[in-house]
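Asks: What follows is a structure written as structure tokens; I'll ask about it next.
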Amino acid sequence: MNALQNNLPYILAGISTGGQYALIAIGYTMVYGILRLINFAHGDVFMAAGLIMISVYTFMPLWVSIPLTIILTVLLGFAVERVAYKPLRTAPRMSIMISAIGMSYLLQNIALYFTGGLLKKYPTIPWISDSITIMGAVTKRVTVITPFLTIILVAGLVYLIKHTKIGMAMRAVSKDFETAQLMGIKIDSVISTTFIIGSFLAAVGSILFFSNYPGVTPTVGGMPGLKAFVAAVFGGIGSIPGAVIGAFLIGICENIIKGVGLTTFSDAFTFVLLIAVLMFMPTGLFGEKVTDKV
């Protein structure tokens, strides 16, 4: 019982962190599922959402700042797709990947220009930033809210993909890009919608993530972005449930490692896990085995 009480703060923090990683990981896995490429700028969109919130909050009330931050982040994700990906739709995959890396560095450098490389304090959000006590463990309310909100958003996304026309189009494009195009599906609209959904979830994830952290720097999206990518690979890149489960597992394990006094190795664990998955389960937990067409 004492062991549970001692480790409960880390378990709760792990579940919360896992939910935040899950919201970022879905963006990676959806883009890969349709375009078969990794959106390396996605972690920087997450970072930009944090800076947008800080900027907007300086001259607007909180109840306006949060929805406006989400809208502006969605527009940023849409712009990234139009600028970095759409012109290269028929280009070799390597060219698109280089463009994605270039967009990542562009967003970081724009953030560096506006912040001067300094940490920008994230606003305190009433209620969700309040401290609460659970079984003797003191934590923030956002820690409890995050997993429930993540599950609700994922359930809504799964419903959209399974039961709407745009979701059906996404599934068709992910199965066979060329055939879907021949059947009259508007590929550009499907891809843009995918980026919009991913950016929306990244914006929500950033609000939850930075409520637990003191501020935002131009490079802060790098590590959460990489861990969310590992979560997507671990769960099976292209699988939304897999990305969510992978994110929760990584978040919990990472915080338990911190709890046993091995904080230095908490980041290393994630990448050791990535190597192990690529060695023994290249398609992840729920990934589909790819067969080459002859």
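Quick note on naming: the chains in the structure tokens go A, B, ... in the order shown, residues restart at 1 in each chain, and ligands are numbered from 1 in order of appearance.
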So which residues touch Ala22 of chain A within 10 Å, counting only C-alpha atoms, skipping near sequence neighbours fewer than 2 positions away, as a ChimeraX atom specification?

Replies: /A:16-20,24-28,147,150-151,154,201-202,205,227-229,231-232,240-248,250-251

Asks: Just want the 9 Å neighbourhood of segment 176-191 of chain A, counted on only C-alpha atoms, with same-chain residues fewer than 4 positions away dropped. Output as a PyMOL selection string.

Replies: chain A and resi 31+34-35+81+86+166-167+169-172+195-196

Asks: For Gly102 of chain A, work out the shell of residues within 12 Å, counting only C-alpha atoms and skipping chain neighbours fewer than 2 positions away, then give it as an NGL selection string.

Replies: :A and (39-41 or 44 or 80 or 83-85 or 95-100 or 104-109)

Asks: Could you save the residues just selected, with all heavy atoms, as a compact mmCIF listing (two decimals), in the first residue's frame?

Replies:
# COMPACT_ATOMS: atom_id res chain seq x y z
N ASN A 39 5.59 13.59 -40.88
CA ASN A 39 5.53 15.05 -40.82
C ASN A 39 6.47 15.55 -39.71
O ASN A 39 6.06 15.73 -38.56
CB ASN A 39 4.09 15.50 -40.57
CG ASN A 39 3.97 17.01 -40.47
OD1 ASN A 39 4.87 17.74 -40.87
ND2 ASN A 39 2.88 17.48 -39.91
N PHE A 40 7.73 15.78 -40.08
CA PHE A 40 8.72 16.17 -39.08
C PHE A 40 8.45 17.53 -38.47
O PHE A 40 9.03 17.88 -37.43
CB PHE A 40 10.12 16.16 -39.70
CG PHE A 40 10.66 14.77 -39.94
CD1 PHE A 40 10.68 14.23 -41.21
CD2 PHE A 40 11.14 14.01 -38.89
CE1 PHE A 40 11.17 12.94 -41.43
CE2 PHE A 40 11.63 12.73 -39.09
CZ PHE A 40 11.65 12.20 -40.37
N ALA A 41 7.57 18.32 -39.08
CA ALA A 41 7.26 19.65 -38.54
C ALA A 41 6.15 19.59 -37.49
O ALA A 41 5.81 20.62 -36.90
CB ALA A 41 6.84 20.58 -39.68
N ASP A 44 6.89 20.90 -34.06
CA ASP A 44 7.06 22.35 -34.04
C ASP A 44 5.72 23.08 -34.13
O ASP A 44 5.59 24.20 -33.65
CB ASP A 44 8.00 22.77 -35.17
CG ASP A 44 9.37 22.14 -35.02
OD1 ASP A 44 10.08 22.51 -34.08
OD2 ASP A 44 9.69 21.24 -35.82
N VAL A 80 1.23 24.70 -43.44
CA VAL A 80 2.39 23.81 -43.57
C VAL A 80 2.16 22.79 -44.68
O VAL A 80 3.04 22.54 -45.52
CB VAL A 80 2.67 23.09 -42.23
CG1 VAL A 80 3.63 21.91 -42.42
CG2 VAL A 80 3.25 24.06 -41.20
N VAL A 83 2.24 24.60 -48.14
CA VAL A 83 3.55 25.14 -48.53
C VAL A 83 4.59 24.03 -48.71
O VAL A 83 5.33 24.01 -49.70
CB VAL A 83 4.04 26.17 -47.49
CG1 VAL A 83 5.48 26.59 -47.76
CG2 VAL A 83 3.13 27.38 -47.48
N ALA A 84 4.65 23.09 -47.76
CA ALA A 84 5.75 22.11 -47.73
C ALA A 84 5.41 20.79 -48.43
O ALA A 84 6.33 20.07 -48.83
CB ALA A 84 6.16 21.83 -46.29
N TYR A 85 4.14 20.46 -48.56
CA TYR A 85 3.78 19.13 -49.06
C TYR A 85 3.03 19.14 -50.40
O TYR A 85 3.34 18.36 -51.29
CB TYR A 85 2.94 18.38 -48.03
CG TYR A 85 3.68 18.11 -46.75
CD1 TYR A 85 3.45 18.87 -45.61
CD2 TYR A 85 4.64 17.11 -46.67
CE1 TYR A 85 4.14 18.64 -44.43
CE2 TYR A 85 5.34 16.87 -45.50
CZ TYR A 85 5.09 17.64 -44.39
OH TYR A 85 5.79 17.42 -43.25
N SER A 95 12.40 13.85 -51.35
CA SER A 95 12.25 15.31 -51.49
C SER A 95 11.22 15.84 -50.50
O SER A 95 11.41 16.90 -49.90
CB SER A 95 11.81 15.64 -52.92
OG SER A 95 12.76 15.19 -53.86
N ILE A 96 10.14 15.09 -50.31
CA ILE A 96 9.09 15.51 -49.37
C ILE A 96 9.63 15.48 -47.94
O ILE A 96 9.33 16.37 -47.14
CB ILE A 96 7.85 14.61 -49.51
CG1 ILE A 96 7.36 14.61 -50.96
CG2 ILE A 96 6.73 15.09 -48.59
CD1 ILE A 96 6.23 13.65 -51.24
N MET A 97 10.42 14.47 -47.63
CA MET A 97 10.99 14.36 -46.29
C MET A 97 11.93 15.53 -46.00
O MET A 97 11.89 16.12 -44.91
CB MET A 97 11.74 13.03 -46.13
CG MET A 97 12.23 12.79 -44.71
SD MET A 97 13.07 11.21 -44.51
CE MET A 97 14.63 11.56 -45.32
N ILE A 98 12.75 15.90 -46.98
CA ILE A 98 13.66 17.04 -46.82
C ILE A 98 12.86 18.33 -46.63
O ILE A 98 13.21 19.18 -45.81
CB ILE A 98 14.61 17.14 -48.03
CG1 ILE A 98 15.58 15.95 -48.05
CG2 ILE A 98 15.39 18.46 -48.01
CD1 ILE A 98 16.36 15.80 -49.33
N SER A 99 11.77 18.46 -47.38
CA SER A 99 10.90 19.63 -47.23
C SER A 99 10.31 19.70 -45.83
O SER A 99 10.21 20.78 -45.23
CB SER A 99 9.78 19.58 -48.27
OG SER A 99 8.90 20.66 -48.13
N ALA A 100 9.92 18.53 -45.28
CA ALA A 100 9.34 18.47 -43.93
C ALA A 100 10.37 18.90 -42.89
O ALA A 100 10.06 19.66 -41.96
CB ALA A 100 8.85 17.06 -43.64
N SER A 104 10.34 22.22 -40.43
CA SER A 104 10.57 22.13 -38.98
C SER A 104 11.56 23.19 -38.52
O SER A 104 11.31 23.93 -37.56
CB SER A 104 11.09 20.73 -38.63
OG SER A 104 11.51 20.67 -37.29
N TYR A 105 12.69 23.30 -39.23
CA TYR A 105 13.71 24.29 -38.86
C TYR A 105 13.22 25.71 -39.11
O TYR A 105 13.57 26.64 -38.37
CB TYR A 105 15.01 24.03 -39.61
CG TYR A 105 15.83 22.93 -38.97
CD1 TYR A 105 15.89 21.66 -39.54
CD2 TYR A 105 16.52 23.15 -37.79
CE1 TYR A 105 16.61 20.64 -38.95
CE2 TYR A 105 17.26 22.14 -37.19
CZ TYR A 105 17.30 20.89 -37.77
OH TYR A 105 18.03 19.88 -37.17
N LEU A 106 12.38 25.89 -40.14
CA LEU A 106 11.83 27.23 -40.40
C LEU A 106 10.96 27.69 -39.23
O LEU A 106 11.10 28.82 -38.75
CB LEU A 106 11.00 27.20 -41.69
CG LEU A 106 10.26 28.50 -42.03
CD1 LEU A 106 11.25 29.64 -42.27
CD2 LEU A 106 9.36 28.31 -43.26
N LEU A 107 10.08 26.80 -38.75
CA LEU A 107 9.21 27.15 -37.62
C LEU A 107 10.04 27.44 -36.36
O LEU A 107 9.74 28.38 -35.62
CB LEU A 107 8.21 26.02 -37.35
CG LEU A 107 7.13 25.81 -38.42
CD1 LEU A 107 6.30 24.57 -38.09
CD2 LEU A 107 6.23 27.03 -38.55
N GLN A 108 11.08 26.64 -36.14
CA GLN A 108 11.94 26.87 -34.98
C GLN A 108 12.64 28.22 -35.05
O GLN A 108 12.75 28.94 -34.06
CB GLN A 108 12.97 25.75 -34.85
CG GLN A 108 12.41 24.45 -34.33
CD GLN A 108 13.49 23.40 -34.11
OE1 GLN A 108 14.64 23.74 -33.83
NE2 GLN A 108 13.13 22.14 -34.25
N ASN A 109 13.11 28.55 -36.24
CA ASN A 109 13.84 29.81 -36.40
C ASN A 109 12.93 31.03 -36.33
O ASN A 109 13.33 32.08 -35.84
CB ASN A 109 14.65 29.80 -37.69
CG ASN A 109 15.95 29.03 -37.57
OD1 ASN A 109 16.98 29.59 -37.20
ND2 ASN A 109 15.92 27.74 -37.85

Asks: From a backbone DSSP assignment, name each residue in segment 8-220 of chain A labelled strand (DSSP E), as a ChimeraX atom specification.

Replies: /A:120-121,131-134,137-140,215-216

Asks: Please dump the current selection as a CSV table (one decimal), in the first residue's frame; keep all heavy atoms.

Replies:
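Output (again32.csv):
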chain,number,residue,atom,x,y,z
A,120,LYS,N,9.5,31.6,-22.6
A,120,LYS,CA,8.3,32.5,-22.4
A,120,LYS,C,7.3,31.8,-21.5
A,120,LYS,O,6.9,30.6,-21.7
A,120,LYS,CB,7.6,32.7,-23.8
A,120,LYS,CG,8.5,33.5,-24.8
A,120,LYS,CD,8.6,34.9,-24.3
A,120,LYS,CE,9.5,35.7,-25.3
A,120,LYS,NZ,9.7,37.1,-24.8
A,121,LYS,N,6.9,32.5,-20.4
A,121,LYS,CA,6.1,31.9,-19.4
A,121,LYS,C,4.7,31.6,-19.9
A,121,LYS,O,4.1,32.5,-20.5
A,121,LYS,CB,6.0,32.8,-18.2
A,121,LYS,CG,5.2,32.3,-17.0
A,121,LYS,CD,5.3,33.1,-15.8
A,121,LYS,CE,4.4,32.7,-14.7
A,121,LYS,NZ,4.4,31.3,-14.4
A,131,SER,N,-4.3,22.5,-7.8
A,131,SER,CA,-3.8,21.3,-7.2
A,131,SER,C,-5.0,20.5,-6.5
A,131,SER,O,-5.9,21.2,-5.9
A,131,SER,CB,-2.7,21.6,-6.2
A,131,SER,OG,-1.6,22.2,-6.8
A,132,ILE,N,-4.9,19.2,-6.6
A,132,ILE,CA,-5.9,18.4,-6.0
A,132,ILE,C,-5.2,17.2,-5.3
A,132,ILE,O,-4.0,16.9,-5.6
A,132,ILE,CB,-7.0,17.8,-7.0
A,132,ILE,CG1,-6.3,17.0,-8.1
A,132,ILE,CG2,-7.8,18.9,-7.6
A,132,ILE,CD1,-7.3,16.3,-9.0
A,133,THR,N,-5.9,16.5,-4.4
A,133,THR,CA,-5.3,15.4,-3.7
A,133,THR,C,-6.0,14.1,-4.1
A,133,THR,O,-7.3,14.1,-3.9
A,133,THR,CB,-5.3,15.6,-2.2
A,133,THR,OG1,-4.6,16.8,-1.9
A,133,THR,CG2,-4.6,14.5,-1.5
A,134,ILE,N,-5.3,13.1,-4.5
A,134,ILE,CA,-5.9,11.8,-4.9
A,134,ILE,C,-5.2,10.7,-4.1
A,134,ILE,O,-4.0,10.5,-4.3
A,134,ILE,CB,-5.8,11.5,-6.4
A,134,ILE,CG1,-6.5,12.6,-7.2
A,134,ILE,CG2,-6.3,10.1,-6.7
A,134,ILE,CD1,-6.3,12.4,-8.7
A,137,ALA,N,-1.9,11.7,-2.7
A,137,ALA,CA,-0.9,12.2,-3.7
A,137,ALA,C,-1.4,13.6,-4.2
A,137,ALA,O,-2.6,13.7,-4.7
A,137,ALA,CB,-0.7,11.3,-4.9
A,138,VAL,N,-0.6,14.6,-4.1
A,138,VAL,CA,-0.9,15.9,-4.6
A,138,VAL,C,-0.5,16.1,-6.1
A,138,VAL,O,0.6,15.8,-6.4
A,138,VAL,CB,-0.3,17.0,-3.8
A,138,VAL,CG1,-0.6,18.4,-4.3
A,138,VAL,CG2,-0.6,16.9,-2.3
A,139,THR,N,-1.5,16.5,-6.9
A,139,THR,CA,-1.2,16.7,-8.3
A,139,THR,C,-2.1,17.8,-8.9
A,139,THR,O,-3.0,18.3,-8.2
A,139,THR,CB,-1.5,15.3,-9.1
A,139,THR,OG1,-1.1,15.5,-10.5
A,139,THR,CG2,-2.9,14.9,-9.1
A,140,LYS,N,-1.9,18.2,-10.1
A,140,LYS,CA,-2.8,19.2,-10.7
A,140,LYS,C,-4.0,18.5,-11.3
A,140,LYS,O,-3.9,17.4,-11.8
A,140,LYS,CB,-2.0,20.0,-11.8
A,140,LYS,CG,-0.9,20.9,-11.2
A,140,LYS,CD,-0.3,21.7,-12.3
A,140,LYS,CE,0.7,22.7,-11.8
A,140,LYS,NZ,1.3,23.6,-12.8
A,215,GLY,N,7.1,27.1,-19.1
A,215,GLY,CA,7.1,27.9,-20.3
A,215,GLY,C,7.4,27.2,-21.5
A,215,GLY,O,7.6,26.0,-21.6
A,216,VAL,N,7.6,28.1,-22.6
A,216,VAL,CA,7.8,27.6,-24.0
A,216,VAL,C,9.1,28.1,-24.5
A,216,VAL,O,9.4,29.3,-24.4
A,216,VAL,CB,6.6,27.9,-24.9
A,216,VAL,CG1,6.8,27.3,-26.3
A,216,VAL,CG2,5.3,27.5,-24.3

Asks: What separation in Å, quoted to one decimal, exists between atom CA of Ser206 of chain A and atom CA of His163 of chain A?

Replies: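 Going from atom CA of Ser206 of chain A over to atom CA of His163 of chain A, I get 27.9 Å.
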
Asks: Going by DSSP on the backbone, which residues of segment 192-263 of chain A come out as alpha helix (DSSP H)? List them as number ranges by chain.

Replies: A: 192-210, 222-235, 240-259

Asks: Go ahead and write the residues just picked, N, CA and C atoms, as a compact mmCIF listing (two decimals), in the first residue's frame.

Replies:
# COMPACT_ATOMS: atom_id res chain seq x y z
N SER A 192 -5.51 17.75 -46.68
CA SER A 192 -5.63 18.97 -45.88
C SER A 192 -6.43 18.72 -44.61
N THR A 193 -7.51 17.94 -44.73
CA THR A 193 -8.33 17.61 -43.56
C THR A 193 -7.52 16.83 -42.54
N THR A 194 -6.67 15.93 -43.01
CA THR A 194 -5.81 15.14 -42.13
C THR A 194 -4.87 16.05 -41.33
N PHE A 195 -4.27 17.01 -42.01
CA PHE A 195 -3.37 17.95 -41.33
C PHE A 195 -4.14 18.85 -40.36
N ILE A 196 -5.36 19.24 -40.72
CA ILE A 196 -6.19 20.08 -39.86
C ILE A 196 -6.53 19.32 -38.56
N ILE A 197 -6.92 18.06 -38.69
CA ILE A 197 -7.26 17.25 -37.51
C ILE A 197 -6.03 17.07 -36.62
N GLY A 198 -4.89 16.74 -37.25
CA GLY A 198 -3.65 16.56 -36.49
C GLY A 198 -3.23 17.83 -35.76
N SER A 199 -3.38 18.98 -36.41
CA SER A 199 -3.02 20.26 -35.78
C SER A 199 -3.97 20.62 -34.65
N PHE A 200 -5.25 20.31 -34.83
CA PHE A 200 -6.24 20.54 -33.77
C PHE A 200 -5.87 19.76 -32.51
N LEU A 201 -5.55 18.47 -32.69
CA LEU A 201 -5.19 17.64 -31.54
C LEU A 201 -3.88 18.10 -30.91
N ALA A 202 -2.92 18.54 -31.75
CA ALA A 202 -1.64 19.05 -31.23
C ALA A 202 -1.87 20.31 -30.40
N ALA A 203 -2.82 21.16 -30.83
CA ALA A 203 -3.12 22.38 -30.08
C ALA A 203 -3.72 22.05 -28.72
N VAL A 204 -4.66 21.11 -28.69
CA VAL A 204 -5.25 20.69 -27.42
C VAL A 204 -4.17 20.07 -26.53
N GLY A 205 -3.32 19.23 -27.14
CA GLY A 205 -2.22 18.60 -26.40
C GLY A 205 -1.27 19.63 -25.81
N SER A 206 -1.01 20.72 -26.55
CA SER A 206 -0.08 21.75 -26.06
C SER A 206 -0.67 22.48 -24.85
N ILE A 207 -1.98 22.74 -24.87
CA ILE A 207 -2.62 23.41 -23.73
C ILE A 207 -2.51 22.55 -22.48
N LEU A 208 -2.74 21.25 -22.64
CA LEU A 208 -2.63 20.33 -21.51
C LEU A 208 -1.17 20.18 -21.06
N PHE A 209 -0.26 20.06 -22.03
CA PHE A 209 1.16 19.84 -21.72
C PHE A 209 1.77 21.03 -21.00
N PHE A 210 1.57 22.23 -21.53
CA PHE A 210 2.23 23.41 -20.95
C PHE A 210 1.57 23.89 -19.67
N GLY A 222 10.62 19.56 -29.74
CA GLY A 222 11.46 18.49 -30.26
C GLY A 222 11.29 17.17 -29.53
N MET A 223 11.45 17.17 -28.21
CA MET A 223 11.41 15.92 -27.44
C MET A 223 10.00 15.33 -27.37
N PRO A 224 8.96 16.12 -27.04
CA PRO A 224 7.61 15.52 -27.08
C PRO A 224 7.25 15.00 -28.47
N GLY A 225 7.69 15.73 -29.51
CA GLY A 225 7.42 15.28 -30.88
C GLY A 225 8.08 13.95 -31.18
N LEU A 226 9.35 13.80 -30.76
CA LEU A 226 10.07 12.55 -30.99
C LEU A 226 9.44 11.39 -30.21
N LYS A 227 9.04 11.67 -28.97
CA LYS A 227 8.43 10.61 -28.16
C LYS A 227 7.07 10.21 -28.71
N ALA A 228 6.32 11.19 -29.21
CA ALA A 228 5.04 10.86 -29.84
C ALA A 228 5.25 10.04 -31.11
N PHE A 229 6.32 10.35 -31.84
CA PHE A 229 6.65 9.57 -33.04
C PHE A 229 7.00 8.13 -32.66
N VAL A 230 7.78 7.98 -31.59
CA VAL A 230 8.11 6.63 -31.11
C VAL A 230 6.84 5.89 -30.70
N ALA A 231 5.93 6.60 -30.04
CA ALA A 231 4.65 6.00 -29.63
C ALA A 231 3.88 5.51 -30.85
N ALA A 232 3.88 6.31 -31.92
CA ALA A 232 3.18 5.93 -33.14
C ALA A 232 3.82 4.69 -33.77
N VAL A 233 5.16 4.65 -33.76
CA VAL A 233 5.86 3.48 -34.32
C VAL A 233 5.63 2.25 -33.45
N PHE A 234 5.68 2.44 -32.14
CA PHE A 234 5.49 1.33 -31.21
C PHE A 234 4.09 0.73 -31.34
N GLY A 235 3.08 1.59 -31.46
CA GLY A 235 1.72 1.10 -31.60
C GLY A 235 1.42 0.56 -32.98
N ILE A 240 -4.43 4.39 -35.35
CA ILE A 240 -4.77 5.37 -34.31
C ILE A 240 -4.84 4.74 -32.93
N PRO A 241 -5.57 3.61 -32.74
CA PRO A 241 -5.56 2.97 -31.41
C PRO A 241 -4.16 2.58 -30.97
N GLY A 242 -3.34 2.11 -31.92
CA GLY A 242 -1.96 1.74 -31.60
C GLY A 242 -1.15 2.92 -31.10
N ALA A 243 -1.32 4.09 -31.76
CA ALA A 243 -0.60 5.30 -31.34
C ALA A 243 -0.99 5.71 -29.94
N VAL A 244 -2.29 5.62 -29.63
CA VAL A 244 -2.78 6.01 -28.30
C VAL A 244 -2.24 5.07 -27.22
N ILE A 245 -2.33 3.75 -27.47
CA ILE A 245 -1.84 2.77 -26.49
C ILE A 245 -0.32 2.92 -26.31
N GLY A 246 0.40 3.08 -27.42
CA GLY A 246 1.84 3.27 -27.35
C GLY A 246 2.21 4.51 -26.55
N ALA A 247 1.46 5.59 -26.74
CA ALA A 247 1.74 6.85 -26.02
C ALA A 247 1.52 6.69 -24.52
N PHE A 248 0.43 6.04 -24.14
CA PHE A 248 0.16 5.83 -22.70
C PHE A 248 1.24 4.95 -22.07
N LEU A 249 1.65 3.90 -22.77
CA LEU A 249 2.69 3.01 -22.23
C LEU A 249 4.01 3.76 -22.05
N ILE A 250 4.38 4.57 -23.03
CA ILE A 250 5.64 5.33 -22.94
C ILE A 250 5.56 6.36 -21.81
N GLY A 251 4.42 7.06 -21.72
CA GLY A 251 4.27 8.06 -20.67
C GLY A 251 4.37 7.46 -19.28
N ILE A 252 3.70 6.32 -19.06
CA ILE A 252 3.72 5.67 -17.75
C ILE A 252 5.12 5.14 -17.42
N CYS A 253 5.73 4.43 -18.37
CA CYS A 253 7.08 3.88 -18.14
C CYS A 253 8.10 4.98 -17.87
N GLU A 254 8.01 6.05 -18.64
CA GLU A 254 8.95 7.17 -18.49
C GLU A 254 8.87 7.77 -17.09
N ASN A 255 7.66 7.94 -16.57
CA ASN A 255 7.50 8.55 -15.24
C ASN A 255 7.83 7.58 -14.12
N ILE A 256 7.60 6.29 -14.32
CA ILE A 256 8.00 5.30 -13.31
C ILE A 256 9.52 5.25 -13.20
N ILE A 257 10.21 5.36 -14.34
CA ILE A 257 11.68 5.41 -14.34
C ILE A 257 12.16 6.62 -13.53
N LYS A 258 11.47 7.76 -13.69
CA LYS A 258 11.81 8.94 -12.89
C LYS A 258 11.55 8.68 -11.41
N GLY A 259 10.47 7.93 -11.12
CA GLY A 259 10.10 7.65 -9.74
C GLY A 259 11.11 6.79 -9.00

Asks: How many Å separate atom CA of Gly238 of chain A from atom CA of Gly33 of chain A?

Replies: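 That distance, rounded to one decimal, is 4.3 Å.
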
Asks: Taking 5 positions as the minimum chain separation for residues in the same chain, which residues sit within 12 Å of Leu68 of chain A when counting only C-alpha atoms? Answer as a list of chain:residue names.

Replies: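 Once the adjacent positions are removed, what remains is A:Ala49, A:Ile52, A:Met53, A:Ile54, A:Ser55, A:Val56, A:Tyr57, A:Met60, A:Pro61, A:Leu62, A:Trp63, A:Thr73, A:Val74, A:Leu75, A:Phe200, A:Ala203, A:Val204.
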
Asks: Would you mind exporting the chosen residues as a short mmCIF file (atom, residue, chain, number, x, y, z; two decimals), in the first residue's frame, restricted to all heavy atoms?

Replies:
data_model
loop_
_atom_site.label_atom_id
_atom_site.label_comp_id
_atom_site.auth_asym_id
_atom_site.auth_seq_id
_atom_site.Cartn_x
_atom_site.Cartn_y
_atom_site.Cartn_z
N ALA A 49 1.86 26.26 -31.07
CA ALA A 49 0.58 26.41 -30.37
C ALA A 49 0.80 27.02 -28.99
O ALA A 49 0.02 27.86 -28.53
CB ALA A 49 -0.13 25.06 -30.25
N ILE A 52 1.64 30.71 -29.51
CA ILE A 52 0.42 31.44 -29.91
C ILE A 52 -0.44 31.73 -28.69
O ILE A 52 -0.96 32.84 -28.53
CB ILE A 52 -0.37 30.62 -30.96
CG1 ILE A 52 0.39 30.59 -32.29
CG2 ILE A 52 -1.76 31.20 -31.17
CD1 ILE A 52 -0.17 29.59 -33.30
N MET A 53 -0.58 30.74 -27.81
CA MET A 53 -1.38 30.93 -26.60
C MET A 53 -0.80 32.05 -25.74
O MET A 53 -1.54 32.91 -25.22
CB MET A 53 -1.43 29.62 -25.82
CG MET A 53 -2.19 29.68 -24.51
SD MET A 53 -3.95 29.96 -24.76
CE MET A 53 -4.50 29.96 -23.05
N ILE A 54 0.51 32.06 -25.58
CA ILE A 54 1.16 33.10 -24.77
C ILE A 54 0.91 34.48 -25.38
O ILE A 54 0.59 35.45 -24.67
CB ILE A 54 2.68 32.82 -24.66
CG1 ILE A 54 2.92 31.57 -23.83
CG2 ILE A 54 3.40 34.01 -24.04
CD1 ILE A 54 4.34 31.04 -23.90
N SER A 55 1.04 34.58 -26.70
CA SER A 55 0.87 35.87 -27.39
C SER A 55 -0.56 36.36 -27.32
O SER A 55 -0.83 37.53 -27.02
CB SER A 55 1.31 35.73 -28.86
OG SER A 55 2.65 35.31 -28.96
N VAL A 56 -1.51 35.46 -27.59
CA VAL A 56 -2.92 35.83 -27.63
C VAL A 56 -3.42 36.24 -26.24
O VAL A 56 -4.22 37.18 -26.09
CB VAL A 56 -3.77 34.66 -28.19
CG1 VAL A 56 -5.26 34.92 -28.02
CG2 VAL A 56 -3.45 34.44 -29.67
N TYR A 57 -2.91 35.55 -25.23
CA TYR A 57 -3.37 35.79 -23.85
C TYR A 57 -2.96 37.16 -23.33
O TYR A 57 -3.55 37.67 -22.37
CB TYR A 57 -2.82 34.68 -22.93
CG TYR A 57 -3.38 34.73 -21.52
CD1 TYR A 57 -4.73 34.47 -21.28
CD2 TYR A 57 -2.56 35.03 -20.44
CE1 TYR A 57 -5.24 34.52 -19.99
CE2 TYR A 57 -3.05 35.08 -19.14
CZ TYR A 57 -4.39 34.82 -18.92
OH TYR A 57 -4.91 34.87 -17.66
N MET A 60 -6.10 39.27 -24.78
CA MET A 60 -7.45 38.73 -24.83
C MET A 60 -7.74 37.90 -23.58
O MET A 60 -6.83 37.32 -23.01
CB MET A 60 -7.62 37.84 -26.07
CG MET A 60 -7.78 38.60 -27.36
SD MET A 60 -8.24 37.55 -28.72
CE MET A 60 -8.44 38.76 -30.02
N PRO A 61 -9.01 37.83 -23.18
CA PRO A 61 -9.35 36.99 -22.02
C PRO A 61 -9.15 35.51 -22.33
O PRO A 61 -9.10 35.12 -23.51
CB PRO A 61 -10.83 37.31 -21.77
CG PRO A 61 -11.34 37.84 -23.07
CD PRO A 61 -10.18 38.54 -23.72
N LEU A 62 -9.05 34.72 -21.29
CA LEU A 62 -8.74 33.29 -21.45
C LEU A 62 -9.78 32.55 -22.28
O LEU A 62 -9.43 31.72 -23.12
CB LEU A 62 -8.61 32.65 -20.06
CG LEU A 62 -8.12 31.20 -20.06
CD1 LEU A 62 -6.68 31.12 -20.52
CD2 LEU A 62 -8.25 30.60 -18.66
N TRP A 63 -11.07 32.86 -22.07
CA TRP A 63 -12.13 32.12 -22.77
C TRP A 63 -12.10 32.39 -24.27
O TRP A 63 -12.64 31.62 -25.06
CB TRP A 63 -13.50 32.46 -22.18
CG TRP A 63 -13.91 33.90 -22.33
CD1 TRP A 63 -13.62 34.93 -21.48
CD2 TRP A 63 -14.68 34.48 -23.39
NE1 TRP A 63 -14.16 36.11 -21.93
CE2 TRP A 63 -14.83 35.86 -23.10
CE3 TRP A 63 -15.28 33.98 -24.54
CZ2 TRP A 63 -15.52 36.73 -23.94
CZ3 TRP A 63 -15.98 34.84 -25.37
CH2 TRP A 63 -16.10 36.20 -25.07
N THR A 73 -3.66 27.53 -34.68
CA THR A 73 -2.80 26.34 -34.85
C THR A 73 -3.27 25.49 -36.01
O THR A 73 -2.47 24.97 -36.80
CB THR A 73 -2.76 25.51 -33.55
OG1 THR A 73 -2.37 26.34 -32.47
CG2 THR A 73 -1.77 24.36 -33.68
N VAL A 74 -4.58 25.35 -36.13
CA VAL A 74 -5.16 24.59 -37.26
C VAL A 74 -4.78 25.27 -38.58
O VAL A 74 -4.41 24.60 -39.55
CB VAL A 74 -6.69 24.49 -37.10
CG1 VAL A 74 -7.35 24.06 -38.41
CG2 VAL A 74 -7.05 23.50 -35.99
N LEU A 75 -4.88 26.60 -38.62
CA LEU A 75 -4.51 27.34 -39.83
C LEU A 75 -3.02 27.17 -40.14
O LEU A 75 -2.63 27.07 -41.31
CB LEU A 75 -4.85 28.82 -39.67
CG LEU A 75 -6.34 29.17 -39.64
CD1 LEU A 75 -6.54 30.65 -39.33
CD2 LEU A 75 -7.00 28.81 -40.97
N PHE A 200 -5.25 20.31 -34.83
CA PHE A 200 -6.24 20.54 -33.77
C PHE A 200 -5.87 19.76 -32.51
O PHE A 200 -5.85 20.30 -31.40
CB PHE A 200 -7.64 20.14 -34.27
CG PHE A 200 -8.67 20.08 -33.18
CD1 PHE A 200 -9.27 21.23 -32.70
CD2 PHE A 200 -9.04 18.86 -32.62
CE1 PHE A 200 -10.22 21.18 -31.69
CE2 PHE A 200 -9.99 18.79 -31.61
CZ PHE A 200 -10.58 19.96 -31.14
N ALA A 203 -2.82 21.16 -30.83
CA ALA A 203 -3.12 22.38 -30.08
C ALA A 203 -3.72 22.05 -28.72
O ALA A 203 -3.34 22.64 -27.70
CB ALA A 203 -4.09 23.25 -30.89
N VAL A 204 -4.66 21.11 -28.69
CA VAL A 204 -5.25 20.69 -27.42
C VAL A 204 -4.17 20.07 -26.53
O VAL A 204 -4.09 20.35 -25.33
CB VAL A 204 -6.40 19.68 -27.65
CG1 VAL A 204 -6.93 19.14 -26.33
CG2 VAL A 204 -7.53 20.33 -28.44
#

Asks: How many Å lie between atom CA of Gly117 of chain A and atom CA of Thr219 of chain A, rounded to one decimal?

Replies: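 Separating atom CA of Gly117 of chain A from atom CA of Thr219 of chain A is a distance of 8.8 Å.
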